[in-house]
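Structure first, then comments.
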Amino acid sequence: MYTKPFNKQKGNCSDADEIIKWLRKFGPTSRTDLAYAFDFSRAKITPLVSDLIRRGIIREGGNIDTNEGRPPRLIRFKEDFGYAIGVDLGATSVDVGLADFSGHIVACFGEPLVLCSSPEIILKRICEIINDLVEKEKIGKECIIAIGLGVPGPVDFSTKLLVSPCGLPGWEVYPIQEYMKQQFPQAEIFIDNDANIMAFGELRAGIGKGVDNFIFLKVGTGIGAGIVCNGEIYQGSSGCSGDVGHICVDKEGPVCVCGNRGCLQSLASGKAIAEKATHGALEGQSPLLSERISSKENKLTAEDVSVAAAAGDAFSNKLLQESGELIGETLAGVVNVLNPSLLLIGGGVSNIGHQFLSSIRRAILRRSHPLSTRDLRIEYSSLGMKAGIIGAVSLALELFQMERRD
Ligand SMILES: [Zn+2]
């Protein structure tokens, strides 16, 4: 769990650390509310806040709207104390965000890339993008204090290495952290699985804020889930939690990138939807898709299916419905086990249309225990394609706070 370093320090976590943790989680807060939250007297909170202001970590600014007396000033992070980078590395694209110390994204950039290229080529490109952003925003490179990276595969959290990333043999235990550290020696580097990072983004800045138990399902080239349990990311005993994309849904199904047959992601991911659409278009099953494919070098995307479905194409609608149902039927088991109150669907398909989401919803409601779905909301991610960079930035800033004190 992301709280692990805190747990490690239990008993010696200073009062100042507690205030910083609070501000990360709940945002700007008045002195009075901070004192109330920690049961500190006015005499105790004043020097703590003064010391953090003196060190340039926080500042006072902005008021709470009240109808009574003088409005209290808010304690907030000092934006230029340092900057963080969030990287969302997918199988077919990379997005990079630059955020100030409060977590506000001040600039971002994304581009398509092919992750099966060697890690050196990809990481070199990521560093170029970071340097471009830093230069454009006129921020000294030395001001980057933390970098968070979301990567598409299971990350062993004790070693911070990708372990058996399906279809990406060159990335197996590649020292990503060391590479980035060499380029940005002043920054702390943090790495986690992309679905965990997206879930964390929703937890801190999306509709997952304040929700203690929810699941973020990333559906893109692959499928994976980030699990929030009791308000924290649940990483399992080694970092492999949420790998729902490789649950078998058809023993006779196609061979998956993991080598097994009929995994959920081989049948219902954005990539699978695109492949089925391409096949259907070439076979003449959809006039609309057949028309689109001629300008697409015989390769359709999940987005093409979404556009065709919205235009009333029956074949595309059926594809989205079938994929949604497969995902929903698989998630019904997960919902029965974890009993979340919110399920968010994100990743490359987060804008694929109403049909997909309603099929997932129907299958889950049909297959789960009525008590586990009584309070369950099922929605698309509120942060959309930004969930990854917002989560990576939040992770970097929160863990930086802890690591700095080790
Ligand atoms: Zn698989």
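Letters A, B, ... mark the chains of the structure tokens in the order given; residue numbers begin at 1 per chain; ligand numbers begin at 1, in order shown.
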(message) Which residues are near region 225-235 of chain A? Cut-off 6 Å, only C-alpha atoms, ignore same chain within fewer than 2 positions. Put them as a ChimeraX atom specification.
(response) /A:1,195-196,199,212-218,239,241-242
Would you save the residues of that selection, restricted to N, CA and C atoms, as an mmCIF file, in the first residue's frame?
```
data_model
loop_
_atom_site.group_PDB
_atom_site.id
_atom_site.type_symbol
_atom_site.label_atom_id
_atom_site.label_comp_id
_atom_site.auth_asym_id
_atom_site.auth_seq_id
_atom_site.Cartn_x
_atom_site.Cartn_y
_atom_site.Cartn_z
ATOM 1 N N MET A 1 0.845 -1.200 0.000
ATOM 2 C CA MET A 1 0.000 0.000 0.000
ATOM 3 C C MET A 1 0.874 1.241 0.000
ATOM 4 N N ALA A 195 -2.604 0.913 -13.811
ATOM 5 C CA ALA A 195 -3.980 0.911 -13.283
ATOM 6 C C ALA A 195 -3.995 1.417 -11.831
ATOM 7 N N ASN A 196 -2.972 1.045 -11.040
ATOM 8 C CA ASN A 196 -2.869 1.557 -9.664
ATOM 9 C C ASN A 196 -2.729 3.075 -9.668
ATOM 10 N N ALA A 199 -6.001 4.720 -10.537
ATOM 11 C CA ALA A 199 -6.903 4.643 -9.377
ATOM 12 C C ALA A 199 -6.510 5.706 -8.352
ATOM 13 N N ASP A 212 -13.939 5.197 -0.016
ATOM 14 C CA ASP A 212 -12.963 4.312 0.633
ATOM 15 C C ASP A 212 -12.685 3.023 -0.131
ATOM 16 N N ASN A 213 -13.710 2.517 -0.818
ATOM 17 C CA ASN A 213 -13.532 1.225 -1.497
ATOM 18 C C ASN A 213 -14.018 1.313 -2.936
ATOM 19 N N PHE A 214 -13.061 1.348 -3.864
ATOM 20 C CA PHE A 214 -13.481 1.353 -5.269
ATOM 21 C C PHE A 214 -12.452 0.662 -6.161
ATOM 22 N N ILE A 215 -12.902 0.379 -7.376
ATOM 23 C CA ILE A 215 -12.029 -0.293 -8.351
ATOM 24 C C ILE A 215 -11.945 0.591 -9.587
ATOM 25 N N PHE A 216 -10.722 0.762 -10.077
ATOM 26 C CA PHE A 216 -10.528 1.465 -11.347
ATOM 27 C C PHE A 216 -10.135 0.410 -12.361
ATOM 28 N N LEU A 217 -10.960 0.231 -13.378
ATOM 29 C CA LEU A 217 -10.632 -0.754 -14.409
ATOM 30 C C LEU A 217 -10.093 -0.028 -15.628
ATOM 31 N N LYS A 218 -8.837 -0.331 -15.952
ATOM 32 C CA LYS A 218 -8.240 0.275 -17.141
ATOM 33 C C LYS A 218 -8.459 -0.671 -18.313
ATOM 34 N N GLY A 239 2.779 -6.827 -5.184
ATOM 35 C CA GLY A 239 2.567 -5.767 -6.176
ATOM 36 C C GLY A 239 1.789 -6.238 -7.396
ATOM 37 N N SER A 241 -1.521 -7.184 -7.478
ATOM 38 C CA SER A 241 -2.981 -7.186 -7.321
ATOM 39 C C SER A 241 -3.652 -6.575 -8.558
ATOM 40 N N GLY A 242 -4.890 -6.926 -8.777
ATOM 41 C CA GLY A 242 -5.686 -6.281 -9.826
ATOM 42 C C GLY A 242 -5.428 -6.757 -11.244
#
```
(message) Around ligand 1, which protein and nucleic acid residues have at least one atom no more than 10 Å from it, if we count only C-alpha atoms and all ligand atoms? List them as a PyMOL selection string.
(response) chain A and resi 166-167+222-223+243-248+254-267
Could the residues in this selection be written to a file with N, CA and C atoms, as a PDB file, in the first residue's frame?
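File result34.pdb, as written:
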```pdb
ATOM      1  N   CYS A 166       3.617  -8.677 -19.968  1.00  0.00           N
ATOM      2  CA  CYS A 166       3.212  -9.484 -21.123  1.00  0.00           C
ATOM      3  C   CYS A 166       3.490  -8.770 -22.442  1.00  0.00           C
ATOM      4  N   GLY A 167       4.160  -9.455 -23.338  1.00  0.00           N
ATOM      5  CA  GLY A 167       4.414  -8.912 -24.670  1.00  0.00           C
ATOM      6  C   GLY A 167       5.518  -7.865 -24.690  1.00  0.00           C
ATOM      7  N   GLY A 222      -4.364  -3.490 -23.029  1.00  0.00           N
ATOM      8  CA  GLY A 222      -4.607  -4.592 -22.093  1.00  0.00           C
ATOM      9  C   GLY A 222      -5.736  -4.220 -21.143  1.00  0.00           C
ATOM     10  N   ILE A 223      -5.959  -5.072 -20.146  1.00  0.00           N
ATOM     11  CA  ILE A 223      -6.961  -4.774 -19.116  1.00  0.00           C
ATOM     12  C   ILE A 223      -6.315  -5.012 -17.750  1.00  0.00           C
ATOM     13  N   ASP A 243      -4.696  -7.848 -11.409  1.00  0.00           N
ATOM     14  CA  ASP A 243      -4.372  -8.305 -12.764  1.00  0.00           C
ATOM     15  C   ASP A 243      -5.552  -9.087 -13.366  1.00  0.00           C
ATOM     16  N   VAL A 244      -6.694  -8.421 -13.479  1.00  0.00           N
ATOM     17  CA  VAL A 244      -7.922  -9.112 -13.913  1.00  0.00           C
ATOM     18  C   VAL A 244      -7.937  -9.435 -15.407  1.00  0.00           C
ATOM     19  N   GLY A 245      -7.071  -8.768 -16.176  1.00  0.00           N
ATOM     20  CA  GLY A 245      -7.058  -8.982 -17.630  1.00  0.00           C
ATOM     21  C   GLY A 245      -6.701 -10.403 -18.012  1.00  0.00           C
ATOM     22  N   HIS A 246      -6.031 -11.119 -17.092  1.00  0.00           N
ATOM     23  CA  HIS A 246      -5.613 -12.483 -17.437  1.00  0.00           C
ATOM     24  C   HIS A 246      -6.458 -13.541 -16.733  1.00  0.00           C
ATOM     25  N   ILE A 247      -7.656 -13.157 -16.316  1.00  0.00           N
ATOM     26  CA  ILE A 247      -8.621 -14.154 -15.837  1.00  0.00           C
ATOM     27  C   ILE A 247      -9.188 -14.844 -17.077  1.00  0.00           C
ATOM     28  N   CYS A 248      -9.227 -16.177 -17.031  1.00  0.00           N
ATOM     29  CA  CYS A 248      -9.706 -16.927 -18.201  1.00  0.00           C
ATOM     30  C   CYS A 248     -11.230 -16.827 -18.311  1.00  0.00           C
ATOM     31  N   PRO A 254      -8.777 -17.348 -27.951  1.00  0.00           N
ATOM     32  CA  PRO A 254      -7.489 -17.086 -28.603  1.00  0.00           C
ATOM     33  C   PRO A 254      -6.334 -17.063 -27.598  1.00  0.00           C
ATOM     34  N   VAL A 255      -5.124 -17.292 -28.110  1.00  0.00           N
ATOM     35  CA  VAL A 255      -3.946 -17.270 -27.237  1.00  0.00           C
ATOM     36  C   VAL A 255      -3.654 -15.806 -26.863  1.00  0.00           C
ATOM     37  N   CYS A 256      -3.473 -15.587 -25.560  1.00  0.00           N
ATOM     38  CA  CYS A 256      -3.225 -14.235 -25.036  1.00  0.00           C
ATOM     39  C   CYS A 256      -1.714 -13.939 -25.072  1.00  0.00           C
ATOM     40  N   VAL A 257      -1.329 -12.684 -24.907  1.00  0.00           N
ATOM     41  CA  VAL A 257       0.110 -12.337 -24.868  1.00  0.00           C
ATOM     42  C   VAL A 257       0.831 -13.037 -23.718  1.00  0.00           C
ATOM     43  N   CYS A 258       0.068 -13.463 -22.684  1.00  0.00           N
ATOM     44  CA  CYS A 258       0.695 -14.140 -21.543  1.00  0.00           C
ATOM     45  C   CYS A 258       0.967 -15.620 -21.851  1.00  0.00           C
ATOM     46  N   GLY A 259       0.444 -16.104 -22.977  1.00  0.00           N
ATOM     47  CA  GLY A 259       0.675 -17.496 -23.358  1.00  0.00           C
ATOM     48  C   GLY A 259      -0.501 -18.412 -23.054  1.00  0.00           C
ATOM     49  N   ASN A 260      -1.404 -17.965 -22.187  1.00  0.00           N
ATOM     50  CA  ASN A 260      -2.587 -18.778 -21.888  1.00  0.00           C
ATOM     51  C   ASN A 260      -3.687 -18.506 -22.917  1.00  0.00           C
ATOM     52  N   ARG A 261      -4.720 -19.327 -22.862  1.00  0.00           N
ATOM     53  CA  ARG A 261      -5.822 -19.154 -23.804  1.00  0.00           C
ATOM     54  C   ARG A 261      -7.015 -18.452 -23.164  1.00  0.00           C
ATOM     55  N   GLY A 262      -7.674 -17.620 -23.949  1.00  0.00           N
ATOM     56  CA  GLY A 262      -8.980 -17.075 -23.572  1.00  0.00           C
ATOM     57  C   GLY A 262      -9.001 -16.121 -22.399  1.00  0.00           C
ATOM     58  N   CYS A 263      -7.886 -15.368 -22.168  1.00  0.00           N
ATOM     59  CA  CYS A 263      -7.890 -14.360 -21.101  1.00  0.00           C
ATOM     60  C   CYS A 263      -8.861 -13.236 -21.471  1.00  0.00           C
ATOM     61  N   LEU A 264      -9.405 -12.576 -20.449  1.00  0.00           N
ATOM     62  CA  LEU A 264     -10.354 -11.479 -20.676  1.00  0.00           C
ATOM     63  C   LEU A 264      -9.791 -10.460 -21.665  1.00  0.00           C
ATOM     64  N   GLN A 265      -8.509 -10.087 -21.499  1.00  0.00           N
ATOM     65  CA  GLN A 265      -7.989  -9.015 -22.352  1.00  0.00           C
ATOM     66  C   GLN A 265      -7.802  -9.433 -23.805  1.00  0.00           C
ATOM     67  N   SER A 266      -7.654 -10.765 -24.030  1.00  0.00           N
ATOM     68  CA  SER A 266      -7.516 -11.212 -25.415  1.00  0.00           C
ATOM     69  C   SER A 266      -8.859 -11.167 -26.134  1.00  0.00           C
ATOM     70  N   LEU A 267      -9.956 -11.008 -25.378  1.00  0.00           N
ATOM     71  CA  LEU A 267     -11.288 -11.003 -25.987  1.00  0.00           C
ATOM     72  C   LEU A 267     -12.036  -9.678 -25.861  1.00  0.00           C
TER      73      LEU A 267
END
```
(message) What's around region 139-147 of chain A at 7 Å? Count only C-alpha atoms, leave out sequence neighbours fewer than 3 positions away in its own chain, and write the answer as a list in words.
(response)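 Using only C-alpha atoms, the neighbours found are Gly82, Tyr83, Ala84, Ile85, Gly86, Val134, Glu135, Gln186, Ala187, Glu188, Ile189, Phe190, Ala396, Leu397 and Phe400 of chain A.
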(message) Using DSSP secondary structure from the backbone, list all helix (DSSP H, G or I) positions within region 148-321 of chain A, as a ChimeraX atom specification.
(response) /A:169-171,176-183,194-205,244-246,264-268,270-282,287-293,302-310,314-321
Just the selected residues (C-alpha atoms), exported as a CSV table (one decimal), in the first residue's frame, please.
```
chain,number,residue,atom,x,y,z
A,169,PRO,CA,10.3,-8.9,-23.0
A,170,GLY,CA,12.8,-6.1,-23.2
A,171,TRP,CA,11.3,-4.4,-20.2
A,176,ILE,CA,13.8,2.1,-15.1
A,177,GLN,CA,14.4,3.8,-11.7
A,178,GLU,CA,18.2,3.9,-12.1
A,179,TYR,CA,17.9,5.2,-15.7
A,180,MET,CA,15.7,8.1,-14.6
A,181,LYS,CA,17.8,8.8,-11.6
A,182,GLN,CA,20.9,9.2,-13.8
A,183,GLN,CA,19.0,11.8,-15.9
A,194,ASP,CA,-0.6,2.0,-14.6
A,195,ALA,CA,-4.0,0.9,-13.3
A,196,ASN,CA,-2.9,1.6,-9.7
A,197,ILE,CA,-1.6,5.0,-10.7
A,198,MET,CA,-4.9,5.9,-12.4
A,199,ALA,CA,-6.9,4.6,-9.4
A,200,PHE,CA,-4.7,6.9,-7.2
A,201,GLY,CA,-5.4,9.8,-9.5
A,202,GLU,CA,-9.2,9.3,-9.1
A,203,LEU,CA,-8.7,8.9,-5.3
A,204,ARG,CA,-6.9,12.2,-4.9
A,205,ALA,CA,-8.5,14.3,-7.6
A,244,VAL,CA,-7.9,-9.1,-13.9
A,245,GLY,CA,-7.1,-9.0,-17.6
A,246,HIS,CA,-5.6,-12.5,-17.4
A,264,LEU,CA,-10.4,-11.5,-20.7
A,265,GLN,CA,-8.0,-9.0,-22.4
A,266,SER,CA,-7.5,-11.2,-25.4
A,267,LEU,CA,-11.3,-11.0,-26.0
A,268,ALA,CA,-12.5,-7.7,-24.6
A,270,GLY,CA,-9.5,-2.1,-26.8
A,271,LYS,CA,-7.0,-4.0,-28.9
A,272,ALA,CA,-9.3,-7.0,-29.2
A,273,ILE,CA,-12.3,-4.8,-30.1
A,274,ALA,CA,-10.1,-3.2,-32.8
A,275,GLU,CA,-9.0,-6.5,-34.2
A,276,LYS,CA,-12.5,-7.9,-34.3
A,277,ALA,CA,-13.7,-4.7,-36.0
A,278,THR,CA,-10.9,-5.0,-38.6
A,279,HIS,CA,-11.8,-8.6,-39.3
A,280,GLY,CA,-15.5,-7.8,-39.6
A,281,ALA,CA,-14.8,-4.9,-41.9
A,282,LEU,CA,-12.7,-7.0,-44.2
A,287,PRO,CA,-20.6,-1.2,-44.5
A,288,LEU,CA,-19.6,1.7,-42.2
A,289,LEU,CA,-16.5,0.0,-40.9
A,290,SER,CA,-15.6,-1.3,-44.4
A,291,GLU,CA,-15.8,2.3,-45.6
A,292,ARG,CA,-13.6,3.6,-42.8
A,293,ILE,CA,-11.0,0.8,-43.1
A,302,ALA,CA,-11.5,0.9,-30.9
A,303,GLU,CA,-12.3,4.6,-31.5
A,304,ASP,CA,-13.5,3.8,-35.0
A,305,VAL,CA,-15.9,1.3,-33.5
A,306,SER,CA,-17.1,3.9,-31.1
A,307,VAL,CA,-17.8,6.4,-33.9
A,308,ALA,CA,-19.5,3.7,-36.1
A,309,ALA,CA,-21.6,2.6,-33.1
A,310,ALA,CA,-22.7,6.1,-32.4
A,314,ALA,CA,-25.3,-2.7,-35.8
A,315,PHE,CA,-22.1,-4.7,-36.0
A,316,SER,CA,-20.1,-2.1,-34.0
A,317,ASN,CA,-22.8,-1.9,-31.4
A,318,LYS,CA,-22.8,-5.7,-31.1
A,319,LEU,CA,-19.0,-5.7,-30.6
A,320,LEU,CA,-19.2,-3.1,-27.8
A,321,GLN,CA,-22.0,-5.0,-26.2
```
(request) Pull the strand (DSSP E) assignments for region 127-342 of chain A out of DSSP run on the backbone, and list those residues as number ranges by chain. (result) A: 144-151, 155-156, 161-162, 188-193, 214-219, 223-229, 232-233, 342
Using N, CA and C atoms, can you write the selected residues to a file as a JSON list (two decimals), in the first residue's frame?
```json
[["chain", "number", "residue", "atom", "x", "y", "z"],
["A", 144, "ILE", "N", 13.00, 19.87, -10.26],
["A", 144, "ILE", "CA", 12.18, 18.65, -10.31],
["A", 144, "ILE", "C", 12.60, 17.78, -9.13],
["A", 145, "ILE", "N", 11.70, 17.64, -8.17],
["A", 145, "ILE", "CA", 12.06, 16.92, -6.94],
["A", 145, "ILE", "C", 11.54, 15.49, -6.92],
["A", 146, "ALA", "N", 10.54, 15.20, -7.79],
["A", 146, "ALA", "CA", 9.99, 13.84, -7.77],
["A", 146, "ALA", "C", 9.39, 13.50, -9.12],
["A", 147, "ILE", "N", 9.56, 12.25, -9.51],
["A", 147, "ILE", "CA", 8.99, 11.77, -10.78],
["A", 147, "ILE", "C", 8.22, 10.48, -10.49],
["A", 148, "GLY", "N", 6.97, 10.44, -10.92],
["A", 148, "GLY", "CA", 6.16, 9.22, -10.78],
["A", 148, "GLY", "C", 5.92, 8.63, -12.16],
["A", 149, "LEU", "N", 6.08, 7.32, -12.28],
["A", 149, "LEU", "CA", 5.86, 6.66, -13.57],
["A", 149, "LEU", "C", 4.85, 5.53, -13.44],
["A", 150, "GLY", "N", 3.85, 5.54, -14.30],
["A", 150, "GLY", "CA", 2.92, 4.42, -14.39],
["A", 150, "GLY", "C", 3.32, 3.57, -15.58],
["A", 151, "VAL", "N", 3.51, 2.27, -15.37],
["A", 151, "VAL", "CA", 3.96, 1.39, -16.45],
["A", 151, "VAL", "C", 2.97, 0.24, -16.65],
["A", 155, "VAL", "N", 4.42, -4.41, -11.14],
["A", 155, "VAL", "CA", 5.67, -3.89, -10.58],
["A", 155, "VAL", "C", 5.87, -4.50, -9.19],
["A", 156, "ASP", "N", 6.99, -5.18, -9.02],
["A", 156, "ASP", "CA", 7.35, -5.72, -7.70],
["A", 156, "ASP", "C", 7.71, -4.53, -6.83],
["A", 161, "LEU", "N", 10.73, -3.08, -9.96],
["A", 161, "LEU", "CA", 11.01, -3.59, -11.30],
["A", 161, "LEU", "C", 9.76, -4.20, -11.91],
["A", 162, "LEU", "N", 9.62, -4.05, -13.24],
["A", 162, "LEU", "CA", 8.52, -4.70, -13.95],
["A", 162, "LEU", "C", 8.83, -6.19, -14.01],
["A", 188, "GLU", "N", 13.46, 12.19, -6.66],
["A", 188, "GLU", "CA", 13.10, 10.84, -6.22],
["A", 188, "GLU", "C", 12.24, 10.23, -7.31],
["A", 189, "ILE", "N", 12.45, 8.96, -7.61],
["A", 189, "ILE", "CA", 11.72, 8.30, -8.71],
["A", 189, "ILE", "C", 10.81, 7.22, -8.13],
["A", 190, "PHE", "N", 9.55, 7.23, -8.54],
["A", 190, "PHE", "CA", 8.59, 6.24, -8.04],
["A", 190, "PHE", "C", 7.89, 5.57, -9.21],
["A", 191, "ILE", "N", 7.73, 4.26, -9.12],
["A", 191, "ILE", "CA", 7.15, 3.50, -10.23],
["A", 191, "ILE", "C", 6.03, 2.60, -9.72],
["A", 192, "ASP", "N", 4.96, 2.52, -10.47],
["A", 192, "ASP", "CA", 3.91, 1.55, -10.14],
["A", 192, "ASP", "C", 3.17, 1.18, -11.41],
["A", 193, "ASN", "N", 2.35, 0.15, -11.28],
["A", 193, "ASN", "CA", 1.51, -0.30, -12.37],
["A", 193, "ASN", "C", 0.53, 0.82, -12.79],
["A", 214, "PHE", "N", -13.06, 1.35, -3.86],
["A", 214, "PHE", "CA", -13.48, 1.35, -5.27],
["A", 214, "PHE", "C", -12.45, 0.66, -6.16],
["A", 215, "ILE", "N", -12.90, 0.38, -7.38],
["A", 215, "ILE", "CA", -12.03, -0.29, -8.35],
["A", 215, "ILE", "C", -11.95, 0.59, -9.59],
["A", 216, "PHE", "N", -10.72, 0.76, -10.08],
["A", 216, "PHE", "CA", -10.53, 1.46, -11.35],
["A", 216, "PHE", "C", -10.13, 0.41, -12.36],
["A", 217, "LEU", "N", -10.96, 0.23, -13.38],
["A", 217, "LEU", "CA", -10.63, -0.75, -14.41],
["A", 217, "LEU", "C", -10.09, -0.03, -15.63],
["A", 218, "LYS", "N", -8.84, -0.33, -15.95],
["A", 218, "LYS", "CA", -8.24, 0.27, -17.14],
["A", 218, "LYS", "C", -8.46, -0.67, -18.31],
["A", 219, "VAL", "N", -9.13, -0.18, -19.33],
["A", 219, "VAL", "CA", -9.30, -0.98, -20.54],
["A", 219, "VAL", "C", -8.64, -0.24, -21.69],
["A", 223, "ILE", "N", -5.96, -5.07, -20.15],
["A", 223, "ILE", "CA", -6.96, -4.77, -19.12],
["A", 223, "ILE", "C", -6.32, -5.01, -17.75],
["A", 224, "GLY", "N", -6.50, -4.07, -16.84],
["A", 224, "GLY", "CA", -5.97, -4.24, -15.48],
["A", 224, "GLY", "C", -6.78, -3.40, -14.52],
["A", 225, "ALA", "N", -6.70, -3.72, -13.24],
["A", 225, "ALA", "CA", -7.49, -2.97, -12.26],
["A", 225, "ALA", "C", -6.61, -2.42, -11.15],
["A", 226, "GLY", "N", -6.95, -1.21, -10.72],
["A", 226, "GLY", "CA", -6.35, -0.63, -9.52],
["A", 226, "GLY", "C", -7.40, -0.73, -8.42],
["A", 227, "ILE", "N", -7.01, -1.25, -7.28],
["A", 227, "ILE", "CA", -7.99, -1.48, -6.20],
["A", 227, "ILE", "C", -7.73, -0.52, -5.06],
["A", 228, "VAL", "N", -8.76, 0.23, -4.68],
["A", 228, "VAL", "CA", -8.66, 1.10, -3.50],
["A", 228, "VAL", "C", -9.42, 0.43, -2.37],
["A", 229, "CYS", "N", -8.71, 0.17, -1.29],
["A", 229, "CYS", "CA", -9.30, -0.55, -0.16],
["A", 229, "CYS", "C", -9.08, 0.29, 1.10],
["A", 232, "GLU", "N", -6.93, 3.38, 0.55],
["A", 232, "GLU", "CA", -5.54, 3.25, 0.14],
["A", 232, "GLU", "C", -5.44, 2.29, -1.05],
["A", 233, "ILE", "N", -4.37, 2.46, -1.85],
["A", 233, "ILE", "CA", -4.16, 1.52, -2.95],
["A", 233, "ILE", "C", -3.77, 0.17, -2.36],
["A", 342, "LEU", "N", -17.87, 1.83, -5.76],
["A", 342, "LEU", "CA", -17.71, 2.54, -7.03],
["A", 342, "LEU", "C", -16.81, 1.73, -7.95]]
```
(message) Please compute the CA of Ile53 (chain A)-CA of Leu34 (chain A) distance, one decimal, in Å.
(response)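 Atom-to-atom, CA of Ile53 (chain A) to CA of Leu34 (chain A), that is 14.9 Å.
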Non-local contacts of Ile327 (chain A) (7 Å; only C-alpha atoms; under 4 positions in same chain excluded) as a PDB file with N, CA and C atoms, in the first residue's frame:
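Output contents, as saved in selection_20.pdb:
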```pdb
ATOM      1  N   ALA A 268     -11.645  -8.836 -24.895  1.00  0.00           N
ATOM      2  CA  ALA A 268     -12.483  -7.654 -24.649  1.00  0.00           C
ATOM      3  C   ALA A 268     -11.720  -6.341 -24.516  1.00  0.00           C
ATOM      4  N   SER A 323     -18.172  -7.138 -25.736  1.00  0.00           N
ATOM      5  CA  SER A 323     -16.968  -6.865 -24.926  1.00  0.00           C
ATOM      6  C   SER A 323     -17.367  -6.393 -23.540  1.00  0.00           C
ATOM      7  N   LEU A 331     -15.998  -9.018 -13.944  1.00  0.00           N
ATOM      8  CA  LEU A 331     -15.947  -8.111 -12.795  1.00  0.00           C
ATOM      9  C   LEU A 331     -16.981  -8.445 -11.727  1.00  0.00           C
ATOM     10  N   ILE A 360     -21.543  -3.431 -19.454  1.00  0.00           N
ATOM     11  CA  ILE A 360     -20.770  -3.804 -18.256  1.00  0.00           C
ATOM     12  C   ILE A 360     -21.695  -3.769 -17.041  1.00  0.00           C
TER      13      ILE A 360
END
```
